Amino acid sequence: MSITLAKSRKIVSVALKKARDIGLTKPMTVVVLDARGTVKACESQDGSSTLRFKVAFGKANGCIALGIGSRAIFARANEQPYFVQSVNALADGNLVPVPGGVLVRDRKGAIIGAVGVTGDTSDNDEICAVAAIEAAGFQADTGG
């Protein structure tokens, strides 16, 4: 199974709706990647800063690259900062080791993509990603 464009678009719309529903007021950016790391869908709210796409992409890309949610990457960065820094260099700087990157797993547990959300606190970004992934009928894996 792979993540479809329709499901990717649903994830984006639900993540942005969740941000509104919980009262987040900062502009959000959501990126959905397939299992190969290809962008399937992306949307930035009006007023998002110029680096938000790269931050959201980096959160999701780190998940795909390492096969773990970005909360686990964050923990690893705290325990082994040189390792995560080296992996980030290997990834050409496209790894953001903070919560808000969430693996998308199918019902059998296979990784079919990842979602990166940015704009608010990392914890709030993660809340939006998890809600969106689950609303699309998939399992969210934060790495926590």
# chains A, B, ... in the order shown; residues from 1 in each chain; ligands from 1

call {"tool": "residues_around", "arguments": {"residues": "Ala56 (chain A)", "least_positions_apart": "6", "cutoff": "12 Å", "atoms": "only C-alpha atoms", "output": "number ranges by chain"}}
result
A: 12, 28-33, 39, 41-44, 48-50, 62-63, 70, 94-102, 114-120, 122, 125-126, 129

call {"tool": "select_by_dssp", "arguments": {"residues": "chain A", "states": "helix (DSSP H, G or I)", "output": "PyMOL selection string"}}
result
chain A and resi 5-21+52-66+70-79+81-90+122-135

call {"tool": "write_last_selection", "arguments": {"atoms": "C-alpha atoms", "output": "mmCIF file, in the first residue's frame"}}
result
data_model
loop_
_atom_site.group_PDB
_atom_site.id
_atom_site.type_symbol
_atom_site.label_atom_id
_atom_site.label_comp_id
_atom_site.auth_asym_id
_atom_site.auth_seq_id
_atom_site.Cartn_x
_atom_site.Cartn_y
_atom_site.Cartn_z
ATOM 1 C CA LEU A 5 -2.680 11.963 -3.262
ATOM 2 C CA ALA A 6 -6.279 12.022 -2.008
ATOM 3 C CA LYS A 7 -5.264 10.726 1.430
ATOM 4 C CA SER A 8 -2.307 13.122 1.493
ATOM 5 C CA ARG A 9 -4.605 16.058 0.800
ATOM 6 C CA LYS A 10 -6.941 14.882 3.550
ATOM 7 C CA ILE A 11 -4.027 14.766 5.984
ATOM 8 C CA VAL A 12 -3.090 18.353 5.101
ATOM 9 C CA SER A 13 -6.634 19.652 5.501
ATOM 10 C CA VAL A 14 -7.267 17.827 8.783
ATOM 11 C CA ALA A 15 -3.933 18.961 10.258
ATOM 12 C CA LEU A 16 -4.774 22.598 9.497
ATOM 13 C CA LYS A 17 -8.293 22.164 10.871
ATOM 14 C CA LYS A 18 -6.920 20.587 14.054
ATOM 15 C CA ALA A 19 -4.636 23.598 14.496
ATOM 16 C CA ARG A 20 -7.663 25.904 14.293
ATOM 17 C CA ASP A 21 -9.747 23.664 16.572
ATOM 18 C CA ARG A 52 8.557 26.676 7.161
ATOM 19 C CA PHE A 53 8.409 24.314 4.175
ATOM 20 C CA LYS A 54 11.999 23.230 4.808
ATOM 21 C CA VAL A 55 11.307 22.719 8.528
ATOM 22 C CA ALA A 56 8.178 20.618 7.891
ATOM 23 C CA PHE A 57 9.971 18.689 5.145
ATOM 24 C CA GLY A 58 12.971 18.116 7.437
ATOM 25 C CA LYS A 59 10.764 16.726 10.191
ATOM 26 C CA ALA A 60 9.041 14.282 7.819
ATOM 27 C CA ASN A 61 12.213 13.460 5.893
ATOM 28 C CA GLY A 62 14.058 12.534 9.080
ATOM 29 C CA CYS A 63 11.299 10.039 9.862
ATOM 30 C CA ILE A 64 11.578 8.405 6.446
ATOM 31 C CA ALA A 65 15.380 8.457 6.455
ATOM 32 C CA LEU A 66 15.724 6.826 9.883
ATOM 33 C CA SER A 70 10.909 12.639 15.071
ATOM 34 C CA ARG A 71 10.214 12.448 18.814
ATOM 35 C CA ALA A 72 12.613 9.468 18.864
ATOM 36 C CA ILE A 73 15.088 11.408 16.725
ATOM 37 C CA PHE A 74 14.856 14.268 19.248
ATOM 38 C CA ALA A 75 15.612 11.859 22.108
ATOM 39 C CA ARG A 76 18.536 10.435 20.168
ATOM 40 C CA ALA A 77 19.843 13.952 19.454
ATOM 41 C CA ASN A 78 19.881 14.595 23.191
ATOM 42 C CA GLU A 79 21.679 11.311 23.891
ATOM 43 C CA PRO A 81 24.225 14.713 19.399
ATOM 44 C CA TYR A 82 27.245 13.907 17.210
ATOM 45 C CA PHE A 83 25.431 10.969 15.621
ATOM 46 C CA VAL A 84 22.337 13.026 14.739
ATOM 47 C CA GLN A 85 24.501 15.905 13.529
ATOM 48 C CA SER A 86 26.410 13.481 11.283
ATOM 49 C CA VAL A 87 23.202 11.924 9.946
ATOM 50 C CA ASN A 88 21.873 15.410 9.237
ATOM 51 C CA ALA A 89 25.028 16.161 7.267
ATOM 52 C CA LEU A 90 24.540 12.943 5.283
ATOM 53 C CA SER A 122 6.795 21.039 18.425
ATOM 54 C CA ASP A 123 4.283 19.305 20.716
ATOM 55 C CA ASN A 124 1.355 21.147 19.127
ATOM 56 C CA ASP A 125 2.722 20.434 15.652
ATOM 57 C CA GLU A 126 2.801 16.732 16.551
ATOM 58 C CA ILE A 127 -0.795 16.831 17.871
ATOM 59 C CA CYS A 128 -1.955 18.164 14.502
ATOM 60 C CA ALA A 129 -0.004 15.542 12.551
ATOM 61 C CA VAL A 130 -1.290 12.636 14.647
ATOM 62 C CA ALA A 131 -4.925 13.769 14.390
ATOM 63 C CA ALA A 132 -4.622 14.096 10.615
ATOM 64 C CA ILE A 133 -2.954 10.727 10.084
ATOM 65 C CA GLU A 134 -5.560 8.955 12.196
ATOM 66 C CA ALA A 135 -8.423 10.779 10.436
#

call {"tool": "closest_residue", "arguments": {"among": "A:Thr121, A:Gly23, A:Phe138, A:Gly93", "to": "Gly109 (chain A)", "atoms": "only C-alpha atoms"}}
result
A:Phe138

call {"tool": "select_by_dssp", "arguments": {"residues": "region 45-139 of chain A", "states": "strand (DSSP E)", "output": "PyMOL selection string"}}
result
chain A and resi 101-105+111-118+139

call {"tool": "closest_residue", "arguments": {"among": "A:Gly69, A:Gly137, A:Gly143, A:Pro27", "to": "Gln45 (chain A)", "atoms": "only C-alpha atoms"}}
result
A:Pro27
